[in-house]
Structure formats: C-alpha cells, structure tokens
file query-v8.txt (compact mmCIF, C-alpha atoms)
# COMPACT_ATOMS: atom_id res chain seq x y z
CA MET P 47 -16.17 -4.52 39.18
CA ALA P 48 -12.56 -3.68 38.27
CA LEU P 49 -11.60 -7.34 38.62
CA GLU P 50 -14.46 -8.37 36.36
CA GLN P 51 -13.42 -5.82 33.74
CA ALA P 52 -9.80 -6.99 33.90
CA LEU P 53 -10.90 -10.60 33.45
CA ALA P 54 -13.14 -9.65 30.53
CA ILE P 55 -10.29 -7.76 28.84
CA THR P 56 -7.93 -10.69 29.42
CA ILE P 57 -10.34 -13.14 27.81
CA GLU P 58 -10.98 -10.75 24.92
CA THR P 59 -7.22 -10.32 24.48
CA LEU P 60 -6.73 -14.07 24.14
CA LYS P 61 -9.61 -14.25 21.66
CA SER P 62 -8.18 -11.52 19.43
CA ALA P 63 -4.64 -12.86 19.80
CA ALA P 64 -5.63 -16.21 18.26
CA PRO P 65 -5.94 -15.01 14.63
CA ILE P 66 -2.89 -12.77 15.01
CA LEU P 67 -0.79 -15.69 16.26
CA LEU P 68 -2.03 -18.05 13.55
CA ALA P 69 -1.26 -15.58 10.77
CA THR P 70 2.04 -14.60 12.41
CA LEU P 71 3.20 -18.23 12.45
CA GLY P 72 2.40 -18.39 8.76
CA ALA P 73 4.34 -15.18 8.10
CA ILE P 74 7.30 -16.56 10.06
CA ILE P 75 7.46 -19.61 7.78
CA GLY P 76 7.30 -17.48 4.64
CA GLN P 77 9.82 -14.89 5.81
CA ARG P 78 12.18 -17.58 7.06
CA ALA P 79 12.06 -18.92 3.50
CA GLY P 80 13.10 -15.48 2.22
CA VAL P 81 9.69 -14.28 0.99
CA LEU P 82 8.17 -11.03 2.26
CA ASN P 83 4.50 -11.60 1.53
CA LEU P 84 2.63 -8.33 1.97
CA GLY P 85 -0.25 -10.04 0.18
CA LEU P 86 -0.90 -12.06 3.32
CA GLU P 87 -3.48 -9.43 4.23
CA GLY P 88 -5.42 -10.35 1.10
CA ALA P 89 -5.24 -14.06 1.94
CA VAL P 90 -6.68 -13.48 5.42
CA TYR P 91 -9.47 -11.29 4.06
CA LEU P 92 -10.35 -13.67 1.21
CA SER P 93 -10.43 -16.72 3.47
CA ALA P 94 -12.70 -14.92 5.95
CA ALA P 95 -15.09 -14.17 3.09
CA VAL P 96 -15.06 -17.77 1.83
CA ALA P 97 -15.68 -19.09 5.34
CA VAL P 98 -18.70 -16.87 5.95
CA ALA P 99 -20.12 -17.53 2.47
CA VAL P 100 -19.88 -21.32 2.80
CA GLY P 101 -20.84 -21.37 6.48
CA MET P 102 -20.53 -24.15 9.01
CA PRO P 103 -19.39 -26.88 9.00
CA TRP P 104 -17.40 -26.76 5.73
CA GLY P 105 -16.56 -23.07 5.73
CA PHE P 106 -13.32 -23.53 7.62
CA LEU P 107 -11.95 -26.16 5.23
CA ALA P 108 -13.09 -24.18 2.19
CA ALA P 109 -11.40 -21.06 3.54
CA VAL P 110 -8.09 -22.84 4.19
CA ALA P 111 -8.13 -24.38 0.71
CA ALA P 112 -8.96 -21.09 -1.02
CA GLY P 113 -6.48 -19.03 0.99
CA ALA P 114 -3.65 -21.53 0.58
CA ALA P 115 -4.22 -21.64 -3.20
CA PHE P 116 -4.34 -17.83 -3.37
CA ASN P 117 -1.10 -17.59 -1.41
CA LEU P 118 0.56 -20.23 -3.54
CA VAL P 119 -0.10 -18.20 -6.69
CA TYR P 120 1.73 -15.31 -5.04
CA TYR P 121 4.72 -17.55 -4.34
CA VAL P 122 4.89 -18.80 -7.92
CA LEU P 123 4.88 -15.24 -9.26
CA ALA P 124 7.32 -13.95 -6.62
CA ASN P 125 9.81 -16.81 -7.01
CA GLU P 126 9.57 -18.58 -10.37
CA MET P 127 8.75 -15.28 -12.14
CA ALA P 128 10.96 -13.20 -9.76
CA LEU P 129 8.43 -10.35 -9.63
CA ASN P 130 8.95 -7.50 -7.15
CA GLN P 131 7.61 -8.81 -3.84
CA ILE P 132 6.61 -5.41 -2.49
CA LEU P 133 4.53 -4.37 -5.50
CA LEU P 134 3.14 -7.88 -5.90
CA GLY P 135 2.10 -7.92 -2.25
CA PHE P 136 0.12 -4.70 -2.57
CA ALA P 137 -1.54 -6.02 -5.73
CA PHE P 138 -2.51 -9.31 -4.08
CA THR P 139 -3.95 -7.45 -1.09
CA MET P 140 -6.22 -5.43 -3.36
CA VAL P 141 -7.20 -8.52 -5.36
CA GLY P 142 -8.01 -10.32 -2.09
CA TYR P 143 -10.17 -7.38 -1.01
CA GLY P 144 -12.03 -7.37 -4.30
CA LEU P 145 -12.63 -11.11 -4.51
CA GLY P 146 -13.54 -11.38 -0.83
CA SER P 147 -16.01 -8.50 -0.97
CA GLN P 148 -17.75 -10.06 -3.95
CA ILE P 149 -17.86 -13.56 -2.43
CA ALA P 150 -19.36 -12.31 0.85
CA TYR P 151 -21.49 -9.58 -0.72
CA GLY P 152 -24.79 -11.17 0.31
CA MET P 153 -23.61 -11.80 3.88
CA VAL P 154 -23.13 -8.18 4.98
CA GLY P 155 -24.70 -7.69 8.41
CA ARG P 156 -26.05 -11.25 8.61
CA VAL P 157 -25.30 -13.33 11.68
CA VAL P 158 -23.84 -16.71 10.76
CA GLU P 159 -23.74 -19.96 12.68
CA ARG P 160 -20.69 -19.88 14.93
CA ALA P 161 -18.41 -22.75 15.74
CA VAL P 162 -18.98 -24.08 19.27
CA VAL P 163 -15.81 -22.60 20.78
CA HIS P 164 -15.23 -19.48 22.85
CA GLY P 165 -12.03 -18.32 21.19
CA TYR P 166 -9.48 -18.35 23.98
CA GLU P 167 -9.00 -22.10 23.54
CA THR P 168 -8.09 -21.34 19.93
CA PHE P 169 -5.20 -19.26 21.24
CA ALA P 170 -4.05 -22.28 23.27
CA ALA P 171 -4.23 -24.41 20.11
CA ALA P 172 -2.27 -21.76 18.20
CA ALA P 173 0.37 -21.75 20.94
CA ALA P 174 0.63 -25.54 20.56
CA LEU P 175 1.13 -24.97 16.82
CA ALA P 176 3.97 -22.59 17.69
CA LEU P 177 5.66 -25.43 19.57
CA ALA P 178 5.10 -27.73 16.60
CA LEU P 179 6.60 -25.13 14.27
CA ARG P 180 9.63 -24.79 16.55
CA TRP P 181 10.06 -28.55 16.21
CA LEU P 182 9.60 -28.34 12.42
CA PHE P 183 12.49 -25.90 12.12
CA GLY P 184 14.70 -28.61 13.63
CA THR P 185 13.82 -31.11 10.89
CA ARG P 186 15.28 -31.41 7.38
CA LEU P 187 12.32 -29.54 5.89
CA GLY P 188 12.68 -26.77 8.44
CA ALA P 189 16.41 -26.54 7.81
CA ALA P 190 15.71 -26.25 4.07
CA ILE P 191 13.18 -23.46 4.70
CA LYS P 192 15.69 -21.52 6.80
CA ALA P 193 18.45 -22.09 4.24
CA SER P 194 16.13 -20.80 1.53
CA GLY P 195 16.00 -17.49 3.34
CA ASP P 196 19.64 -17.38 4.45
CA ASP P 197 21.66 -18.96 1.63
CA PRO P 198 19.56 -20.29 -1.27
CA VAL P 199 22.64 -20.53 -3.52
CA SER P 200 24.25 -23.13 -1.27
CA LEU P 201 20.92 -24.91 -0.88
CA ASP P 202 20.61 -25.14 -4.66
CA LEU P 203 24.20 -26.40 -5.01
CA MET P 204 23.30 -29.20 -2.57
CA GLY P 205 20.65 -30.36 -5.03
CA VAL P 206 17.62 -29.00 -3.18
CA ASP P 207 15.04 -27.21 -5.32
CA VAL P 208 14.77 -23.73 -3.76
CA TYR P 209 11.55 -22.97 -5.63
CA ARG P 210 9.91 -26.14 -4.34
CA VAL P 211 10.96 -25.35 -0.77
CA ARG P 212 9.52 -21.85 -1.06
CA ARG P 213 6.28 -23.19 -2.54
CA ALA P 214 5.97 -25.56 0.43
CA ALA P 215 6.55 -22.61 2.77
CA GLY P 216 3.93 -20.61 0.87
CA ALA P 217 1.34 -23.38 1.18
CA MET P 218 1.91 -23.62 4.94
CA GLU P 219 1.86 -19.84 5.32
CA GLY P 220 -1.38 -19.61 3.35
CA ALA P 221 -3.05 -22.39 5.34
CA LEU P 222 -2.25 -20.72 8.69
CA ALA P 223 -3.27 -17.26 7.49
CA SER P 224 -6.50 -18.71 6.08
CA ALA P 225 -7.24 -20.43 9.37
CA ALA P 226 -6.93 -16.98 10.96
CA GLY P 227 -9.38 -15.53 8.44
CA ALA P 228 -11.90 -18.33 8.99
CA TYR P 229 -11.61 -17.83 12.74
CA LEU P 230 -12.41 -14.12 12.37
CA SER P 231 -15.68 -14.64 10.50
CA LEU P 232 -16.87 -17.93 12.01
CA ILE P 233 -15.78 -17.57 15.64
CA TYR P 234 -14.56 -14.11 16.62
CA TYR P 235 -17.18 -11.92 14.91
CA GLY P 236 -19.78 -14.41 13.71
CA THR P 237 -20.74 -12.05 10.91
CA TRP P 238 -19.29 -10.30 7.87
CA SER P 239 -18.20 -6.70 7.87
CA GLU P 240 -15.50 -5.49 5.49
CA PRO P 241 -13.83 -2.99 7.88
CA LEU P 242 -13.68 -5.56 10.68
CA MET P 243 -11.80 -8.07 8.50
CA MET P 244 -9.15 -5.62 7.32
CA GLY P 245 -5.70 -5.18 8.84
CA TRP P 246 -5.20 -8.51 10.62
CA GLY P 247 -2.77 -9.84 8.03
CA LEU P 248 -0.73 -6.64 8.14
CA ILE P 249 -0.38 -6.94 11.91
CA ALA P 250 0.83 -10.53 11.47
CA ILE P 251 3.53 -9.45 8.98
CA ILE P 252 4.86 -6.94 11.51
CA MET P 253 4.63 -9.36 14.45
CA ALA P 254 6.69 -11.95 12.56
CA MET P 255 9.52 -9.43 12.38
CA VAL P 256 9.08 -8.22 15.96
CA SER P 257 9.31 -11.81 17.22
CA LEU P 258 12.62 -12.22 15.33
CA TRP P 259 11.05 -15.05 13.35
CA SER P 260 10.78 -17.21 16.46
CA PRO P 261 7.51 -19.16 16.83
CA LEU P 262 7.82 -19.19 20.61
CA LEU P 263 8.42 -15.44 20.86
CA ALA P 264 5.45 -14.94 18.55
CA VAL P 265 3.16 -16.36 21.25
CA GLY P 266 4.04 -13.42 23.48
CA THR P 267 4.27 -10.69 20.83
CA SER P 268 0.83 -11.57 19.44
CA LEU P 269 -0.66 -10.51 22.78
CA VAL P 270 0.61 -6.92 22.44
CA PRO P 271 -1.61 -5.69 19.57
CA SER P 272 -4.50 -7.88 20.72
CA LEU P 273 -4.42 -6.19 24.14
CA PHE P 274 -4.81 -2.79 22.53
CA ILE P 275 -7.54 -4.09 20.22
CA SER P 276 -9.45 -5.26 23.30
CA LEU P 277 -8.83 -1.97 25.13
CA ALA P 278 -10.06 -0.03 22.09
CA TYR P 279 -13.36 -1.91 22.20
CA ALA P 280 -13.65 -1.44 25.97
CA LEU P 281 -12.90 2.29 25.85
CA GLN P 282 -15.22 3.22 23.01
CA GLY P 283 -18.08 3.80 25.43
CA TYR P 284 -16.02 5.99 27.75
CA LEU P 285 -13.95 8.20 25.44
CA GLY P 286 -15.52 10.82 23.26
CA VAL P 287 -13.24 10.19 20.29
CA SER P 288 -13.76 8.70 16.87
CA PRO P 289 -13.91 4.89 16.89
CA HIS P 290 -11.66 4.98 13.82
CA LEU P 291 -8.99 6.68 15.93
CA LEU P 292 -9.25 3.96 18.58
CA SER P 293 -9.08 1.30 15.87
CA ALA P 294 -5.81 2.84 14.67
CA VAL P 295 -4.17 2.46 18.10
CA PRO P 296 -3.15 -1.23 17.66
CA TYR P 297 -1.39 -0.35 14.40
CA ALA P 298 0.39 2.58 16.01
CA VAL P 299 1.52 0.21 18.76
CA CYS P 300 2.80 -2.23 16.11
CA ILE P 301 4.86 0.57 14.54
CA ALA P 302 6.30 1.52 17.93
CA VAL P 303 7.15 -2.08 18.82
CA LEU P 304 8.69 -2.71 15.39
CA THR P 305 10.80 0.44 15.75
CA ALA P 306 12.01 -0.66 19.17
CA ALA P 307 12.82 -4.13 17.83
CA GLN P 308 14.76 -2.65 14.91
CA LEU P 309 16.80 -0.44 17.26
CA ALA P 310 17.56 -3.49 19.38
CA VAL P 311 18.70 -5.40 16.30
CA MET P 312 20.95 -2.55 15.17
CA LYS P 313 22.65 -2.29 18.56
CA SER P 314 23.20 -5.99 19.23
CA ARG P 315 23.98 -9.32 17.63
CA LEU P 316 20.34 -9.90 16.81
CA LYS P 317 21.10 -9.19 13.15
CA ALA P 318 22.00 -12.86 12.87
CA PHE P 319 18.29 -13.70 13.15
CA VAL P 320 17.31 -11.67 10.07
CA PRO P 321 16.89 -13.88 6.96
CA ARG P 322 19.59 -12.53 4.63
CA TRP P 323 17.55 -13.12 1.46
CA LEU P 324 14.31 -11.69 2.80
CA ALA P 325 12.34 -10.06 -0.06
CA ARG P 326 15.06 -11.02 -2.57
CA PRO P 327 13.98 -13.37 -5.36
CA TYR P 328 16.30 -16.26 -6.12
CA VAL P 329 17.08 -16.57 -9.83
CA ARG P 330 18.92 -19.81 -10.53
CA GLU P 331 20.26 -18.56 -13.88
CA GLU P 332 22.04 -15.68 -12.11
CA ARG P 333 23.74 -17.95 -9.60
CA ALA P 334 27.32 -16.90 -9.14

call {"tool": "encode", "arguments": {"input": "query-v8.txt", "output": "structure tokens"}}
result
Amino acid sequence: MALEQALAITIETLKSAAPILLATLGAIIGQRAGVLNLGLEGAVYLSAAVAVAVGMPWGFLAAVAAGAAFNLVYYVLANEMALNQILLGFAFTMVGYGLGSQIAYGMVGRVVERAVVHGYETFAAAAALALALRWLFGTRLGAAIKASGDDPVSLDLMGVDVYRVRRAAGAMEGALASAAGAYLSLIYYGTWSEPLMMGWGLIAIIMAMVSLWSPLLAVGTSLVPSLFISLAYALQGYLGVSPHLLSAVPYAVCIAVLTAAQLAVMKSRLKAFVPRWLARPYVREERA
C-alpha cells in the first residue's frame, strides 16, 4: 500500500510539475532579457480560461495565441514606455483575472473534453524544451537575450535593437506560460475553477530565480513545489486542517527555497548569474 501511494504521489508530482516547468522556462527567458514580469500570473490564468472556453482541439492554440499577445502588450508598456515593472505586473495580473473569469464564466464546474495524455509525459516534453532552451542561449539570439539583461547599453551600441530583443523574449515567455495555462484546464484539471487556476504563474516567477535562470536547473527545481502540491492533495483526507492552509504550503516552500537560494548567492560567486538589468527599463535616450 505504501509503495502504491508513493508511486501515485510521484506520478502526481510529475503531472503538476509540467505547468510549473513550462511557465518557469518562459520566466527564465524574460528575466534573462532583463524583464521581471509579475504579470505572468495573469497570462497563465487568461490562457487557461481561453483554452477551456474554446475547448478541444483548438483550445490549446487559441490559449497560446491569446496569452502570448497579452504578454507582449506588457513588454511594450514595460520597455518602450518604461513603465514600472512591479506595478505594471500587479495590474496585468488583475486584468488577466478579470478577463479570464469573464471568458470562462459559463464553464464553471463543467467537465471539458481532455486531451488524450496523462500529464507526466508533458513533463518529459517540457524537460526536452529545457534542453532546447539551453541550446538557444548558445545561439546569437540567445546571446542577445542575455546581453539585454546584462548590458543593454553595449548591445544597443553594437546596433542590436534592445526593444526588439525584449519583445521576442516576451513572445516566447508568453507562449510557454500560455501552454502551461492550457495544460492546467485541458489536461491537469479538465474543468474550470478560478481558485485552482490561481498562483501557478507566481510559483514560476520564483522558480526562475531559484534555478539561477538555468533551464536545466529549472527541471529539478520545478519538482519541489509540485511535490508539496501533490502531498497537500494526498493529506487533505487525513489531516483535520483547512484545505486553504494546505494549499498555502507550496507557496511557503517557495519562499523558503528562494530565501535559501538568496543566502547562497550572497555568500558565493553566484551573483554573476543574476541579470544586472533585471526589472530596470532600458531608455535609449538616457544612454550614457
């Protein structure tokens, strides 16, 4: 019995790790480009709503298109308009909640047609995407994305349009985050429930930092919150505590892991991995 429970939790962990890893890979691209997109939570939520409203088989593509466009608007405002990324991120999260809730309003509690996959194979596909992203960072485009987050002034002086590079990063980030949202509603849950769709994008933002913006490390770090998500579901029937308290455990774990990672960065040479222009808008007219 114990072995069966361990196997069930392992499978459930891989299933819940898939959307976290997909969104984390997107956040890594954006943060490597120097953009801290707290609005990624809104993109995940909105894309999940679009996916469940459209349904199979086109829901996934519709969700990716809608989420990528939504994310791209954020990047235009955060970069070309140089708006405060923190405040803008909160605003986009709330807008994503509002739009998503309206789009999926008629789907509350309804079971939708699920894609014919179990979920754990999606984690394997996401891990393969992590390898592809590691390769991308070795190409000219990947080097431009990293330079956008480390030294956009020099990148601009070389004749590369920093804003265009960041828009490309935003489109890729939005597509991956939207794929995570579509997975949640069409594969993982197979239904629409507002509380269930919330928080996944926020976890991804934290995991991108914990993994030191490494796609390969993100494969492992994505398993940490997903394990506690799976344990929370498994323990609900045994512990006489509020399910909301158990649902908060993965986020508490994220805070603890992020704190440990920050302490490790402060006491070692890991500072070199932090994008130096993270959350700082690049204004060409102020170039020194």

call {"tool": "closest_residue", "arguments": {"input": "query-v8.txt", "among": "P:Ala174, P:Ala190, P:Ala306, P:Ala298", "to": "Leu262 in chain P", "atoms": "all atoms listed in the file"}}
result
P:Ala174

call {"tool": "closest_residue", "arguments": {"input": "query-v8.txt", "among": "P:Val122, P:Leu49, P:Val110, P:Leu258", "to": "Arg210 in chain P", "atoms": "all atoms listed in the file"}}
result
P:Val122

call {"tool": "closest_atom_pairs", "arguments": {"input": "query-v8.txt", "of": "range 129-228 of chain P", "to": "range 72-90 of chain P", "cutoff": "9 Å", "atoms": "all atoms listed in the file", "output": "Markdown table"}}
result
| residue | atom | partner | partner_atom | distance |
| --- | --- | --- | --- | --- |
| P:Gln131 | CA | P:Leu82 | CA | 6.5 |
| P:Ile132 | CA | P:Leu84 | CA | 6.7 |
| P:Leu133 | CA | P:Leu84 | CA | 8.7 |
| P:Leu134 | CA | P:Gly85 | CA | 7.3 |
| P:Gly135 | CA | P:Gly85 | CA | 4.0 |
| P:Phe136 | CA | P:Gly85 | CA | 6.0 |
| P:Ala137 | CA | P:Gly85 | CA | 7.3 |
| P:Phe138 | CA | P:Gly85 | CA | 4.9 |
| P:Thr139 | CA | P:Gly88 | CA | 3.9 |
| P:Met140 | CA | P:Gly88 | CA | 6.7 |
| P:Val141 | CA | P:Gly88 | CA | 6.9 |
| P:Gly142 | CA | P:Gly88 | CA | 4.1 |
| P:Tyr143 | CA | P:Gly88 | CA | 6.0 |
| P:Gly146 | CA | P:Gly88 | CA | 8.4 |
| P:Leu179 | CA | P:Ile75 | CA | 8.6 |
| P:Gly188 | CA | P:Ile75 | CA | 8.9 |
| P:Ala190 | CA | P:Ala79 | CA | 8.2 |
| P:Ile191 | CA | P:Ala79 | CA | 4.8 |
| P:Lys192 | CA | P:Arg78 | CA | 5.3 |
| P:Ala193 | CA | P:Ala79 | CA | 7.2 |
| P:Ser194 | CA | P:Ala79 | CA | 4.9 |
| P:Gly195 | CA | P:Gly80 | CA | 3.7 |
| P:Asp196 | CA | P:Gly80 | CA | 7.2 |
| P:Pro198 | CA | P:Gly80 | CA | 8.8 |
| P:Val211 | CA | P:Ala79 | CA | 7.8 |
| P:Arg212 | CA | P:Ala79 | CA | 6.0 |
| P:Ala215 | CA | P:Gly76 | CA | 5.5 |
| P:Gly216 | CA | P:Gly76 | CA | 5.9 |
| P:Met218 | CA | P:Gly72 | CA | 6.5 |
| P:Glu219 | CA | P:Gly72 | CA | 3.8 |
| P:Gly220 | CA | P:Gly72 | CA | 6.7 |
| P:Ala221 | CA | P:Gly72 | CA | 7.6 |
| P:Leu222 | CA | P:Gly72 | CA | 5.2 |
| P:Ala223 | CA | P:Val90 | CA | 5.5 |
| P:Ser224 | CA | P:Val90 | CA | 5.3 |
| P:Ala225 | CA | P:Val90 | CA | 8.0 |
| P:Ala226 | CA | P:Val90 | CA | 6.6 |
| P:Gly227 | CA | P:Val90 | CA | 4.5 |
| P:Ala228 | CA | P:Val90 | CA | 8.0 |

call {"tool": "atom_distance", "arguments": {"input": "query-v8.txt", "atom1": "CA of Leu53 in chain P", "atom2": "CA of Leu277 in chain P"}}
result
12.2 Å

call {"tool": "atom_distance", "arguments": {"input": "query-v8.txt", "atom1": "CA of Leu67 in chain P", "atom2": "CA of Ala294 in chain P"}}
result
19.3 Å

call {"tool": "atom_distance", "arguments": {"input": "query-v8.txt", "atom1": "CA of Trp323 in chain P", "atom2": "CA of Val256 in chain P"}}
result
17.5 Å

call {"tool": "residues_around", "arguments": {"input": "query-v8.txt", "residues": "Met153 in chain P", "least_positions_apart": "3", "cutoff": "10 Å", "atoms": "all atoms listed in the file", "output": "list in words"}}
result
Ala95, Val98, Ala99, Ser147, Gln148, Ile149, Ala150, Arg156, Val157, Val158, Thr237, Trp238 and Ser239 of chain P

call {"tool": "write_last_selection", "arguments": {"input": "query-v8.txt", "atoms": "C-alpha atoms", "output": "PDB file, in the coordinates of the input"}}
result
ATOM      1  CA  ALA P  95     -15.090 -14.170   3.090  1.00  0.00           C
ATOM      2  CA  VAL P  98     -18.700 -16.870   5.950  1.00  0.00           C
ATOM      3  CA  ALA P  99     -20.120 -17.530   2.470  1.00  0.00           C
ATOM      4  CA  SER P 147     -16.010  -8.500  -0.970  1.00  0.00           C
ATOM      5  CA  GLN P 148     -17.750 -10.060  -3.950  1.00  0.00           C
ATOM      6  CA  ILE P 149     -17.860 -13.560  -2.430  1.00  0.00           C
ATOM      7  CA  ALA P 150     -19.360 -12.310   0.850  1.00  0.00           C
ATOM      8  CA  ARG P 156     -26.050 -11.250   8.610  1.00  0.00           C
ATOM      9  CA  VAL P 157     -25.300 -13.330  11.680  1.00  0.00           C
ATOM     10  CA  VAL P 158     -23.840 -16.710  10.760  1.00  0.00           C
ATOM     11  CA  THR P 237     -20.740 -12.050  10.910  1.00  0.00           C
ATOM     12  CA  TRP P 238     -19.290 -10.300   7.870  1.00  0.00           C
ATOM     13  CA  SER P 239     -18.200  -6.700   7.870  1.00  0.00           C
TER      14      SER P 239
END
